[in-house]
Structures are given as structure tokens and as C-alpha cells.
$ cat query.pdb   # PDB, C-alpha atoms, pLDDT in the B column
MODEL        1
ATOM      1  CA  MET A   1     -85.504  42.405  42.524  1.00 40.00           C
ATOM      2  CA  ARG A   2     -87.049  45.874  42.771  1.00 44.00           C
ATOM      3  CA  GLY A   3     -85.075  49.071  42.417  1.00 42.00           C
ATOM      4  CA  ASN A   4     -85.191  51.761  45.082  1.00 53.00           C
ATOM      5  CA  GLY A   5     -84.177  55.143  43.677  1.00 74.00           C
ATOM      6  CA  LEU A   6     -81.782  53.565  41.181  1.00 88.00           C
ATOM      7  CA  SER A   7     -81.033  55.082  37.780  1.00 92.00           C
ATOM      8  CA  CYS A   8     -80.235  53.113  34.629  1.00 94.00           C
ATOM      9  CA  ALA A   9     -76.701  53.602  33.299  1.00 94.00           C
ATOM     10  CA  GLY A  10     -78.105  53.343  29.787  1.00 93.00           C
ATOM     11  CA  CYS A  11     -81.108  55.669  29.662  1.00 94.00           C
ATOM     12  CA  ALA A  12     -80.650  57.460  33.024  1.00 93.00           C
ATOM     13  CA  GLY A  13     -84.286  56.674  33.852  1.00 93.00           C
ATOM     14  CA  PRO A  14     -85.443  55.172  37.157  1.00 94.00           C
ATOM     15  CA  ILE A  15     -85.302  51.398  37.460  1.00 90.00           C
ATOM     16  CA  ILE A  16     -88.450  49.651  38.644  1.00 89.00           C
ATOM     17  CA  GLY A  17     -88.490  45.867  38.477  1.00 88.00           C
ATOM     18  CA  ARG A  18     -85.664  43.661  37.274  1.00 91.00           C
ATOM     19  CA  ILE A  19     -82.120  45.002  37.363  1.00 93.00           C
ATOM     20  CA  VAL A  20     -79.006  44.006  35.452  1.00 95.00           C
ATOM     21  CA  SER A  21     -75.834  44.610  37.468  1.00 94.00           C
ATOM     22  CA  ALA A  22     -72.803  44.927  35.207  1.00 94.00           C
ATOM     23  CA  MET A  23     -69.678  47.035  34.808  1.00 93.00           C
ATOM     24  CA  GLY A  24     -70.181  48.375  38.340  1.00 92.00           C
ATOM     25  CA  GLN A  25     -73.533  49.939  37.396  1.00 93.00           C
ATOM     26  CA  ARG A  26     -77.266  49.151  37.207  1.00 94.00           C
ATOM     27  CA  TRP A  27     -79.219  48.788  33.975  1.00 95.00           C
ATOM     28  CA  HIS A  28     -82.706  48.108  32.689  1.00 95.00           C
ATOM     29  CA  PRO A  29     -82.541  44.660  31.052  1.00 95.00           C
ATOM     30  CA  GLY A  30     -83.615  46.297  27.791  1.00 95.00           C
ATOM     31  CA  CYS A  31     -80.936  49.004  28.034  1.00 96.00           C
ATOM     32  CA  PHE A  32     -77.964  46.738  28.605  1.00 96.00           C
ATOM     33  CA  ARG A  33     -77.033  46.271  24.952  1.00 96.00           C
ATOM     34  CA  CYS A  34     -73.925  45.975  22.811  1.00 96.00           C
ATOM     35  CA  SER A  35     -72.747  49.431  21.756  1.00 95.00           C
ATOM     36  CA  THR A  36     -72.067  48.152  18.228  1.00 95.00           C
ATOM     37  CA  CYS A  37     -74.757  45.639  17.215  1.00 96.00           C
ATOM     38  CA  ASN A  38     -77.391  46.616  19.836  1.00 96.00           C
ATOM     39  CA  ASP A  39     -77.985  42.992  20.889  1.00 96.00           C
ATOM     40  CA  LEU A  40     -79.235  42.415  24.448  1.00 96.00           C
ATOM     41  CA  LEU A  41     -76.453  41.347  26.808  1.00 95.00           C
ATOM     42  CA  GLU A  42     -78.360  40.268  29.913  1.00 92.00           C
ATOM     43  CA  HIS A  43     -77.848  36.533  29.370  1.00 92.00           C
ATOM     44  CA  VAL A  44     -74.599  36.478  27.358  1.00 92.00           C
ATOM     45  CA  SER A  45     -70.955  37.353  27.920  1.00 90.00           C
ATOM     46  CA  SER A  46     -70.260  41.067  27.857  1.00 92.00           C
ATOM     47  CA  PHE A  47     -67.130  43.183  27.820  1.00 93.00           C
ATOM     48  CA  ASP A  48     -66.403  46.707  29.001  1.00 94.00           C
ATOM     49  CA  HIS A  49     -64.361  49.110  26.889  1.00 94.00           C
ATOM     50  CA  GLU A  50     -64.041  52.723  28.034  1.00 93.00           C
ATOM     51  CA  GLY A  51     -67.319  52.471  29.936  1.00 92.00           C
ATOM     52  CA  LYS A  52     -69.344  51.009  27.054  1.00 94.00           C
ATOM     53  CA  PRO A  53     -70.697  47.441  26.917  1.00 96.00           C
ATOM     54  CA  TYR A  54     -69.941  45.124  24.002  1.00 96.00           C
ATOM     55  CA  CYS A  55     -70.866  41.585  23.055  1.00 95.00           C
ATOM     56  CA  HIS A  56     -68.128  38.972  22.724  1.00 92.00           C
ATOM     57  CA  LEU A  57     -67.944  39.211  18.923  1.00 92.00           C
ATOM     58  CA  ASP A  58     -67.878  42.998  18.586  1.00 94.00           C
ATOM     59  CA  TYR A  59     -65.472  43.527  21.465  1.00 93.00           C
ATOM     60  CA  HIS A  60     -62.841  41.232  19.965  1.00 90.00           C
ATOM     61  CA  GLU A  61     -63.519  42.397  16.419  1.00 90.00           C
ATOM     62  CA  ASN A  62     -62.959  46.031  17.412  1.00 92.00           C
ATOM     63  CA  PHE A  63     -60.387  45.908  20.207  1.00 91.00           C
ATOM     64  CA  ALA A  64     -58.544  42.569  20.325  1.00 88.00           C
ATOM     65  CA  PRO A  65     -55.060  42.346  18.777  1.00 88.00           C
ATOM     66  CA  ARG A  66     -55.128  41.064  15.195  1.00 90.00           C
ATOM     67  CA  CYS A  67     -52.898  38.383  13.766  1.00 90.00           C
ATOM     68  CA  TYR A  68     -50.495  39.853  11.211  1.00 88.00           C
ATOM     69  CA  HIS A  69     -50.656  36.651   9.147  1.00 88.00           C
ATOM     70  CA  CYS A  70     -54.407  35.908   8.914  1.00 90.00           C
ATOM     71  CA  LYS A  71     -55.718  39.395   9.859  1.00 90.00           C
ATOM     72  CA  THR A  72     -58.315  37.965  12.280  1.00 89.00           C
ATOM     73  CA  ALA A  73     -58.797  38.836  15.948  1.00 89.00           C
ATOM     74  CA  ILE A  74     -56.798  36.899  18.541  1.00 86.00           C
ATOM     75  CA  ILE A  75     -59.337  35.596  21.084  1.00 82.00           C
ATOM     76  CA  ASP A  76     -58.457  33.869  24.364  1.00 64.00           C
ATOM     77  CA  GLU A  77     -55.359  32.204  22.948  1.00 66.00           C
ATOM     78  CA  ARG A  78     -51.656  32.329  23.488  1.00 74.00           C
ATOM     79  CA  PHE A  79     -50.270  34.848  21.032  1.00 83.00           C
ATOM     80  CA  ILE A  80     -46.917  36.183  19.931  1.00 82.00           C
ATOM     81  CA  THR A  81     -45.859  39.824  19.798  1.00 83.00           C
ATOM     82  CA  LEU A  82     -42.948  40.481  17.458  1.00 80.00           C
ATOM     83  CA  ASP A  83     -41.200  43.652  18.604  1.00 77.00           C
ATOM     84  CA  ASP A  84     -38.859  44.829  15.854  1.00 73.00           C
ATOM     85  CA  GLU A  85     -37.065  48.186  15.861  1.00 72.00           C
ATOM     86  CA  ALA A  86     -37.747  48.861  12.185  1.00 65.00           C
ATOM     87  CA  LEU A  87     -41.234  47.331  11.923  1.00 68.00           C
ATOM     88  CA  GLY A  88     -42.727  48.126  15.321  1.00 76.00           C
ATOM     89  CA  LYS A  89     -44.964  45.593  17.080  1.00 81.00           C
ATOM     90  CA  ARG A  90     -46.844  42.825  15.281  1.00 84.00           C
ATOM     91  CA  THR A  91     -49.025  40.145  16.845  1.00 87.00           C
ATOM     92  CA  TYR A  92     -49.511  36.577  15.629  1.00 87.00           C
ATOM     93  CA  HIS A  93     -51.615  33.576  16.561  1.00 86.00           C
ATOM     94  CA  GLU A  94     -49.182  31.077  18.019  1.00 82.00           C
ATOM     95  CA  GLN A  95     -49.790  28.648  15.139  1.00 83.00           C
ATOM     96  CA  HIS A  96     -49.225  31.437  12.592  1.00 86.00           C
ATOM     97  CA  PHE A  97     -45.796  32.435  13.891  1.00 85.00           C
ATOM     98  CA  PHE A  98     -43.606  30.415  11.538  1.00 87.00           C
ATOM     99  CA  CYS A  99     -40.669  30.740   9.165  1.00 88.00           C
ATOM    100  CA  ALA A 100     -41.609  32.736   6.068  1.00 85.00           C
ATOM    101  CA  GLU A 101     -39.590  30.348   3.884  1.00 85.00           C
ATOM    102  CA  CYS A 102     -40.092  26.747   5.105  1.00 88.00           C
ATOM    103  CA  GLY A 103     -43.243  27.229   7.211  1.00 87.00           C
ATOM    104  CA  ASP A 104     -41.870  25.480  10.307  1.00 86.00           C
ATOM    105  CA  PRO A 105     -43.261  26.959  13.571  1.00 84.00           C
ATOM    106  CA  PHE A 106     -40.859  28.667  15.953  1.00 79.00           C
ATOM    107  CA  LEU A 107     -42.686  27.434  19.067  1.00 73.00           C
ATOM    108  CA  PRO A 108     -44.038  24.015  20.103  1.00 67.00           C
ATOM    109  CA  PRO A 109     -47.852  23.707  20.418  1.00 62.00           C
ATOM    110  CA  SER A 110     -49.196  25.005  23.720  1.00 59.00           C
ATOM    111  CA  SER A 111     -52.583  24.906  25.422  1.00 46.00           C
ATOM    112  CA  GLY A 112     -51.772  27.936  27.555  1.00 51.00           C
ATOM    113  CA  SER A 113     -53.009  31.477  27.097  1.00 50.00           C
ATOM    114  CA  GLY A 114     -51.460  34.901  27.337  1.00 56.00           C
ATOM    115  CA  GLY A 115     -48.829  36.726  25.347  1.00 61.00           C
ATOM    116  CA  LEU A 116     -45.154  36.204  24.625  1.00 64.00           C
ATOM    117  CA  THR A 117     -43.016  39.046  23.303  1.00 62.00           C
ATOM    118  CA  VAL A 118     -39.966  38.170  21.216  1.00 59.00           C
ATOM    119  CA  THR A 119     -37.478  40.197  19.187  1.00 54.00           C
ATOM    120  CA  GLY A 120     -35.924  39.461  15.814  1.00 51.00           C
ATOM    121  CA  ASP A 121     -32.368  40.588  16.452  1.00 46.00           C
ATOM    122  CA  GLY A 122     -30.522  38.131  14.246  1.00 44.00           C
ATOM    123  CA  GLU A 123     -29.435  35.900  17.128  1.00 47.00           C
ATOM    124  CA  PHE A 124     -30.313  32.211  17.377  1.00 44.00           C
ATOM    125  CA  ASP A 125     -29.383  31.521  21.004  1.00 44.00           C
ATOM    126  CA  LEU A 126     -31.974  33.735  22.686  1.00 44.00           C
ATOM    127  CA  ASP A 127     -32.841  33.273  26.344  1.00 47.00           C
ATOM    128  CA  ASP A 128     -36.473  32.626  25.367  1.00 48.00           C
ATOM    129  CA  ASP A 129     -35.406  29.785  23.026  1.00 52.00           C
ATOM    130  CA  VAL A 130     -37.256  31.340  20.085  1.00 57.00           C
ATOM    131  CA  GLY A 131     -34.653  31.144  17.330  1.00 69.00           C
ATOM    132  CA  PHE A 132     -35.419  33.424  14.390  1.00 77.00           C
ATOM    133  CA  THR A 133     -34.369  36.619  12.697  1.00 78.00           C
ATOM    134  CA  VAL A 134     -36.325  39.252  10.768  1.00 80.00           C
ATOM    135  CA  TYR A 135     -35.441  40.053   7.165  1.00 78.00           C
ATOM    136  CA  LYS A 136     -37.439  42.591   5.124  1.00 77.00           C
ATOM    137  CA  GLY A 137     -40.388  42.362   7.479  1.00 75.00           C
ATOM    138  CA  HIS A 138     -40.649  38.571   7.790  1.00 80.00           C
ATOM    139  CA  PRO A 139     -39.275  36.087  10.353  1.00 83.00           C
ATOM    140  CA  TYR A 140     -36.935  33.289   9.241  1.00 84.00           C
ATOM    141  CA  CYS A 141     -35.546  30.242  11.031  1.00 84.00           C
ATOM    142  CA  GLU A 142     -31.797  29.794  11.307  1.00 78.00           C
ATOM    143  CA  ALA A 143     -31.502  27.191   8.541  1.00 79.00           C
ATOM    144  CA  CYS A 144     -33.407  29.304   5.994  1.00 83.00           C
ATOM    145  CA  HIS A 145     -31.650  32.500   7.033  1.00 79.00           C
ATOM    146  CA  VAL A 146     -28.265  30.874   6.484  1.00 77.00           C
ATOM    147  CA  ARG A 147     -29.300  29.269   3.190  1.00 76.00           C
ATOM    148  CA  LEU A 148     -30.898  32.408   1.738  1.00 78.00           C
ATOM    149  CA  ARG A 149     -28.838  35.263   3.157  1.00 74.00           C
ATOM    150  CA  MET A 150     -25.325  34.023   3.888  1.00 76.00           C
ATOM    151  CA  PRO A 151     -22.697  34.119   1.096  1.00 80.00           C
ATOM    152  CA  LYS A 152     -21.892  30.788  -0.579  1.00 82.00           C
ATOM    153  CA  CYS A 153     -18.449  29.277  -0.968  1.00 87.00           C
ATOM    154  CA  LYS A 154     -17.369  29.545  -4.601  1.00 83.00           C
ATOM    155  CA  HIS A 155     -16.093  25.951  -4.511  1.00 83.00           C
ATOM    156  CA  CYS A 156     -18.397  23.809  -2.335  1.00 87.00           C
ATOM    157  CA  LYS A 157     -21.458  26.139  -2.564  1.00 80.00           C
ATOM    158  CA  LYS A 158     -22.127  25.803   1.171  1.00 81.00           C
ATOM    159  CA  SER A 159     -23.213  28.842   3.177  1.00 79.00           C
ATOM    160  CA  ILE A 160     -20.448  30.687   4.994  1.00 78.00           C
ATOM    161  CA  ARG A 161     -21.764  31.668   8.423  1.00 75.00           C
ATOM    162  CA  ASP A 162     -20.696  34.699  10.394  1.00 72.00           C
ATOM    163  CA  GLY A 163     -17.498  33.967  12.287  1.00 72.00           C
ATOM    164  CA  MET A 164     -16.347  31.169   9.977  1.00 75.00           C
ATOM    165  CA  ARG A 165     -12.786  31.357   8.671  1.00 81.00           C
ATOM    166  CA  ALA A 166     -13.053  32.333   5.021  1.00 80.00           C
ATOM    167  CA  VAL A 167     -11.154  33.924   2.139  1.00 83.00           C
ATOM    168  CA  GLU A 168     -12.363  36.616  -0.243  1.00 81.00           C
ATOM    169  CA  ALA A 169     -10.543  36.224  -3.545  1.00 83.00           C
ATOM    170  CA  LEU A 170     -11.044  35.885  -7.304  1.00 84.00           C
ATOM    171  CA  GLY A 171     -14.424  37.597  -7.240  1.00 81.00           C
ATOM    172  CA  GLY A 172     -15.986  35.432  -4.555  1.00 82.00           C
ATOM    173  CA  LYS A 173     -15.860  34.047  -1.042  1.00 82.00           C
ATOM    174  CA  TRP A 174     -14.383  30.668  -0.150  1.00 82.00           C
ATOM    175  CA  CYS A 175     -14.295  28.386   2.871  1.00 84.00           C
ATOM    176  CA  TRP A 176     -10.736  28.518   4.171  1.00 82.00           C
ATOM    177  CA  GLU A 177     -10.184  24.825   3.428  1.00 84.00           C
ATOM    178  CA  CYS A 178     -11.704  25.147  -0.075  1.00 87.00           C
ATOM    179  CA  PHE A 179      -9.337  27.863  -1.265  1.00 87.00           C
ATOM    180  CA  VAL A 180      -6.350  25.736  -2.273  1.00 89.00           C
ATOM    181  CA  CYS A 181      -3.343  25.943  -4.537  1.00 89.00           C
ATOM    182  CA  GLU A 182      -4.182  24.827  -8.061  1.00 88.00           C
ATOM    183  CA  GLY A 183      -0.931  22.883  -8.201  1.00 89.00           C
ATOM    184  CA  CYS A 184      -0.561  20.964  -4.917  1.00 90.00           C
ATOM    185  CA  LYS A 185      -4.219  21.286  -3.788  1.00 89.00           C
ATOM    186  CA  THR A 186      -3.265  22.349  -0.262  1.00 85.00           C
ATOM    187  CA  PRO A 187      -4.792  25.334   1.590  1.00 86.00           C
ATOM    188  CA  PHE A 188      -2.691  28.455   1.847  1.00 83.00           C
ATOM    189  CA  ASP A 189      -0.963  29.185   5.150  1.00 77.00           C
ATOM    190  CA  ASP A 190      -1.984  32.813   4.682  1.00 72.00           C
ATOM    191  CA  PRO A 191      -4.160  34.630   2.133  1.00 68.00           C
ATOM    192  CA  SER A 192      -1.147  35.436  -0.078  1.00 79.00           C
ATOM    193  CA  PHE A 193      -1.055  33.602  -3.400  1.00 86.00           C
ATOM    194  CA  PHE A 194       0.189  33.945  -6.965  1.00 87.00           C
ATOM    195  CA  LEU A 195      -2.266  34.192  -9.831  1.00 86.00           C
ATOM    196  CA  ARG A 196      -1.838  32.401 -13.147  1.00 86.00           C
ATOM    197  CA  GLU A 197      -4.673  32.143 -15.716  1.00 86.00           C
ATOM    198  CA  ASN A 198      -7.050  33.261 -12.961  1.00 86.00           C
ATOM    199  CA  LYS A 199      -6.026  30.324 -10.757  1.00 88.00           C
ATOM    200  CA  PRO A 200      -4.282  30.600  -7.366  1.00 88.00           C
ATOM    201  CA  PHE A 201      -0.871  29.032  -6.739  1.00 90.00           C
ATOM    202  CA  CYS A 202       1.338  28.827  -3.679  1.00 87.00           C
ATOM    203  CA  GLU A 203       4.904  30.152  -3.938  1.00 86.00           C
ATOM    204  CA  PRO A 204       6.628  26.744  -4.483  1.00 86.00           C
ATOM    205  CA  CYS A 205       4.191  25.700  -7.224  1.00 90.00           C
ATOM    206  CA  PHE A 206       4.350  29.087  -8.914  1.00 87.00           C
ATOM    207  CA  SER A 207       8.164  29.023  -8.824  1.00 88.00           C
ATOM    208  CA  LEU A 208       8.105  25.574 -10.431  1.00 88.00           C
ATOM    209  CA  ILE A 209       5.901  26.889 -13.251  1.00 84.00           C
ATOM    210  CA  LEU A 210       8.332  29.734 -13.903  1.00 85.00           C
ATOM    211  CA  ARG A 211      11.346  27.393 -13.938  1.00 84.00           C
ATOM    212  CA  ASN A 212       9.627  25.076 -16.412  1.00 82.00           C
ATOM    213  CA  GLU A 213       9.004  27.999 -18.743  1.00 76.00           C
ATOM    214  CA  VAL A 214      12.653  29.009 -18.894  1.00 63.00           C
TER     215      VAL A 214
ENDMDL
END

$ encode --input "query.pdb" --output "C-alpha cells"
Amino acid sequence: MRGNGLSCAGCAGPIIGRIVSAMGQRWHPGCFRCSTCNDLLEHVSSFDHEGKPYCHLDYHENFAPRCYHCKTAIIDERFITLDDEALGKRTYHEQHFFCAECGDPFLPPSSGSGGLTVTGDGEFDLDDDVGFTVYKGHPYCEACHVRLRMPKCKHCKKSIRDGMRAVEALGGKWCWECFVCEGCKTPFDDPSFFLRENKPFCEPCFSLILRNEV
């Protein structure tokens, strides 16, 4: 194909002979090069960024989002954007978006592409079905969050979740059913109790102790 009064977008010189049509402009084959590595782009994939041509490698190395976990460019894959108020936005390869404690992924494997934005707001019943919360800059699944962050019952050592009925007493937190009278081993009807040798007693059992001491 011969040019007719055409100017090269690279060198601004007239084009006579073969023409490369790319990025809405005309180029000499020898002028259509990657702006970073200077490799010829006539017969390979090229990308436009702010009016400059780039090869596949340099475009993604310089401008593609980078995975927060592995620090490499995210290329033509489904990726995750974590949008956290305190941390700002972070992007992850789909396979690198997992619990910081147990390593289990938050999403099932997918062959699709594109981005999914999720938030770490401490809830585990999100509309997007991505159950996690962010703690000190890292995402955690529900099981690990509960095990690591929730207070433990002083008796059974199980985690006490938000909203569970519990008692704070004797320097710790207890499941409601675990905080029982030392005498009759029954839970208290209300948080009131009598203390003897750092052990809780209900009113009938405590009264019995006092009568036996007389």
C-alpha cells in the first residue's frame, strides 16, 4: 500500500511504501515501536496509553493493576479489588485473595475475566457472598476472625460471638450457660451473684453456706 500525502505519527515524515495503521494513525513500519523497550510492534500485540504505543509486556508492567500479594501485574484475568476505608484500594489475583490465617480462598475458581470490588466491613452475610473482614490490613475468613479476635469463654474456651448472650464477671467473659453457681451448678437467672473465695454462688447456696458457719 502506498501513502499519498500521509505523515508518520512517529517521526512526522512523509510515508512512502508500506503503512502501519494503529491507534487511529499511520506509521512507518520502523517507527511503530514500543515507547519503553523500542521493539517493533508491526506484527505483535500493541497497546495505547495516553497516545503512546507499548508492547504487551511493558504496557502491563507499567500500567496494569498489581496484585497486593505477589506484586506482579494482573493480566487478562479476573481480579479482586479490596476497597477498605482505612487502607484504600488494593487489587489481588483471584487465586491470591485468601484468608491471611488459614489460606482458604474467599471465592471459587472462575474462568471469567474482569474485576470484582468487595469491601471488608466485618459482615459475613454480604450480598456478593464474599464473606471476610479486614483486620490490621489483612482479610480474614469468618472462622479465623472469630477464633483469633473474639473473646473466649473463661470456662469452655469457645469464642463468644457478637450478639451472643454472655456474662462479664470475675475478670473474664463467660457464655451465659457456663457461668453457674459453684454450689448447685445452675446458671443464674440474672447476673447478680454472691462471691465467696472468688467463686460465684446463687442466693440460696450462699445462704446455706452462711447458716452452716453459724

$ residues_around --input "query.pdb" --residues "Gly30 in chain A" --least-positions-apart "2" --cutoff "12 Å" --atoms "all atoms listed in the file" --output "PyMOL selection string"
chain A and resi 8-11+15+17-20+26-28+32-34+38-43

$ write_last_selection --input "query.pdb" --atoms "C-alpha atoms" --output "compact mmCIF listing (two decimals), in the frame of the given file"
# COMPACT_ATOMS: atom_id res chain seq x y z
CA CYS A 8 -80.24 53.11 34.63
CA ALA A 9 -76.70 53.60 33.30
CA GLY A 10 -78.10 53.34 29.79
CA CYS A 11 -81.11 55.67 29.66
CA ILE A 15 -85.30 51.40 37.46
CA GLY A 17 -88.49 45.87 38.48
CA ARG A 18 -85.66 43.66 37.27
CA ILE A 19 -82.12 45.00 37.36
CA VAL A 20 -79.01 44.01 35.45
CA ARG A 26 -77.27 49.15 37.21
CA TRP A 27 -79.22 48.79 33.98
CA HIS A 28 -82.71 48.11 32.69
CA PHE A 32 -77.96 46.74 28.60
CA ARG A 33 -77.03 46.27 24.95
CA CYS A 34 -73.92 45.98 22.81
CA ASN A 38 -77.39 46.62 19.84
CA ASP A 39 -77.98 42.99 20.89
CA LEU A 40 -79.24 42.42 24.45
CA LEU A 41 -76.45 41.35 26.81
CA GLU A 42 -78.36 40.27 29.91
CA HIS A 43 -77.85 36.53 29.37

$ atom_distance --input "query.pdb" --atom1 "CA of Ala12 in chain A" --atom2 "CA of Cys37 in chain A"
20.6 Å

$ residues_around --input "query.pdb" --residues "range 145-152 of chain A" --least-positions-apart "3" --cutoff "9 Å" --atoms "only C-alpha atoms" --output "list in words"
Glu101, Phe132, Thr133, Tyr135, Tyr140, Cys141, Glu142, His155, Cys156, Lys157, Lys158, Ser159, Ile160, Arg161, Asp162, Gly172, Lys173, Trp174 and Cys175 of chain A

$ resolve_selection --input "query.pdb" --expression "the PyMOL selection byres ((chain A and resi 58) around 10)" --output "VMD selection string"
chain A and resid 34 to 37 46 to 47 53 to 57 59 to 64

$ atom_distance --input "query.pdb" --atom1 "CA of Phe194 in chain A" --atom2 "CA of Glu182 in chain A"
10.2 Å

$ residues_around --input "query.pdb" --residues "Gly103 in chain A" --least-positions-apart "2" --cutoff "12 Å" --atoms "all atoms listed in the file" --output "PyMOL selection string"
chain A and resi 95-101+105-107+138-141+143-144

$ resolve_selection --input "query.pdb" --expression "the PyMOL selection byres ((chain A and resi 186) around 12)" --output "NGL selection string"
:A and (176-185 or 187-190 or 193 or 200-205)

$ atom_distance --input "query.pdb" --atom1 "CA of Val167 in chain A" --atom2 "CA of Phe206 in chain A"
19.6 Å

$ resolve_selection --input "query.pdb" --expression "the PyMOL selection byres ((chain A and resi 70) around 12)" --output "ChimeraX atom specification"
/A:65-69,71-74,91-97

$ closest_residue --input "query.pdb" --among "A:Ile75, A:Gly137, A:Glu50, A:Leu208" --to "Lys89 in chain A" --atoms "all atoms listed in the file"
A:Gly137

$ build_atoms --input "query.pdb" --residues "range 62-85 of chain A" --atoms "N, CA and C atoms" --output "short mmCIF file (atom, residue, chain, number, x, y, z; two decimals), in the frame of the given file"
data_model
loop_
_atom_site.label_atom_id
_atom_site.label_comp_id
_atom_site.auth_asym_id
_atom_site.auth_seq_id
_atom_site.Cartn_x
_atom_site.Cartn_y
_atom_site.Cartn_z
N ASN A 62 -63.36 44.62 17.39
CA ASN A 62 -62.96 46.03 17.41
C ASN A 62 -61.69 46.31 18.21
N PHE A 63 -61.44 45.52 19.27
CA PHE A 63 -60.39 45.91 20.21
C PHE A 63 -59.31 44.85 20.46
N ALA A 64 -59.55 43.61 20.09
CA ALA A 64 -58.54 42.57 20.32
C ALA A 64 -57.38 42.74 19.35
N PRO A 65 -56.17 42.31 19.74
CA PRO A 65 -55.06 42.35 18.78
C PRO A 65 -55.36 41.45 17.58
N ARG A 66 -54.86 41.83 16.41
CA ARG A 66 -55.13 41.06 15.20
C ARG A 66 -53.85 40.37 14.73
N CYS A 67 -54.03 39.17 14.26
CA CYS A 67 -52.90 38.38 13.77
C CYS A 67 -52.38 38.99 12.46
N TYR A 68 -51.08 39.24 12.41
CA TYR A 68 -50.50 39.85 11.21
C TYR A 68 -50.60 38.92 10.00
N HIS A 69 -50.62 37.61 10.25
CA HIS A 69 -50.66 36.65 9.15
C HIS A 69 -52.06 36.50 8.57
N CYS A 70 -53.06 36.21 9.42
CA CYS A 70 -54.41 35.91 8.91
C CYS A 70 -55.37 37.08 9.05
N LYS A 71 -54.94 38.15 9.72
CA LYS A 71 -55.72 39.40 9.86
C LYS A 71 -56.97 39.24 10.71
N THR A 72 -57.14 38.14 11.43
CA THR A 72 -58.32 37.97 12.28
C THR A 72 -57.96 38.27 13.73
N ALA A 73 -59.01 38.50 14.54
CA ALA A 73 -58.80 38.84 15.95
C ALA A 73 -58.22 37.64 16.71
N ILE A 74 -57.37 37.93 17.68
CA ILE A 74 -56.80 36.90 18.54
C ILE A 74 -57.64 36.84 19.81
N ILE A 75 -58.36 35.72 20.01
CA ILE A 75 -59.34 35.60 21.08
C ILE A 75 -58.93 34.48 22.04
N ASP A 76 -58.69 34.85 23.29
CA ASP A 76 -58.46 33.87 24.36
C ASP A 76 -57.46 32.79 23.97
N GLU A 77 -56.37 33.16 23.34
CA GLU A 77 -55.36 32.20 22.95
C GLU A 77 -53.99 32.75 23.32
N ARG A 78 -53.03 31.86 23.37
CA ARG A 78 -51.66 32.33 23.49
C ARG A 78 -51.30 33.01 22.17
N PHE A 79 -50.64 34.15 22.25
CA PHE A 79 -50.27 34.85 21.03
C PHE A 79 -48.85 35.38 21.16
N ILE A 80 -48.30 35.73 20.01
CA ILE A 80 -46.92 36.18 19.93
C ILE A 80 -46.90 37.65 19.52
N THR A 81 -46.10 38.45 20.21
CA THR A 81 -45.86 39.82 19.80
C THR A 81 -44.43 39.93 19.30
N LEU A 82 -44.27 40.27 18.04
CA LEU A 82 -42.95 40.48 17.46
C LEU A 82 -42.61 41.96 17.58
N ASP A 83 -41.59 42.27 18.35
CA ASP A 83 -41.20 43.65 18.60
C ASP A 83 -39.90 43.92 17.86
N ASP A 84 -40.01 44.58 16.71
CA ASP A 84 -38.86 44.83 15.85
C ASP A 84 -38.63 46.33 15.77
N GLU A 85 -37.37 46.76 15.86
CA GLU A 85 -37.06 48.19 15.86
C GLU A 85 -37.55 48.87 14.59
#
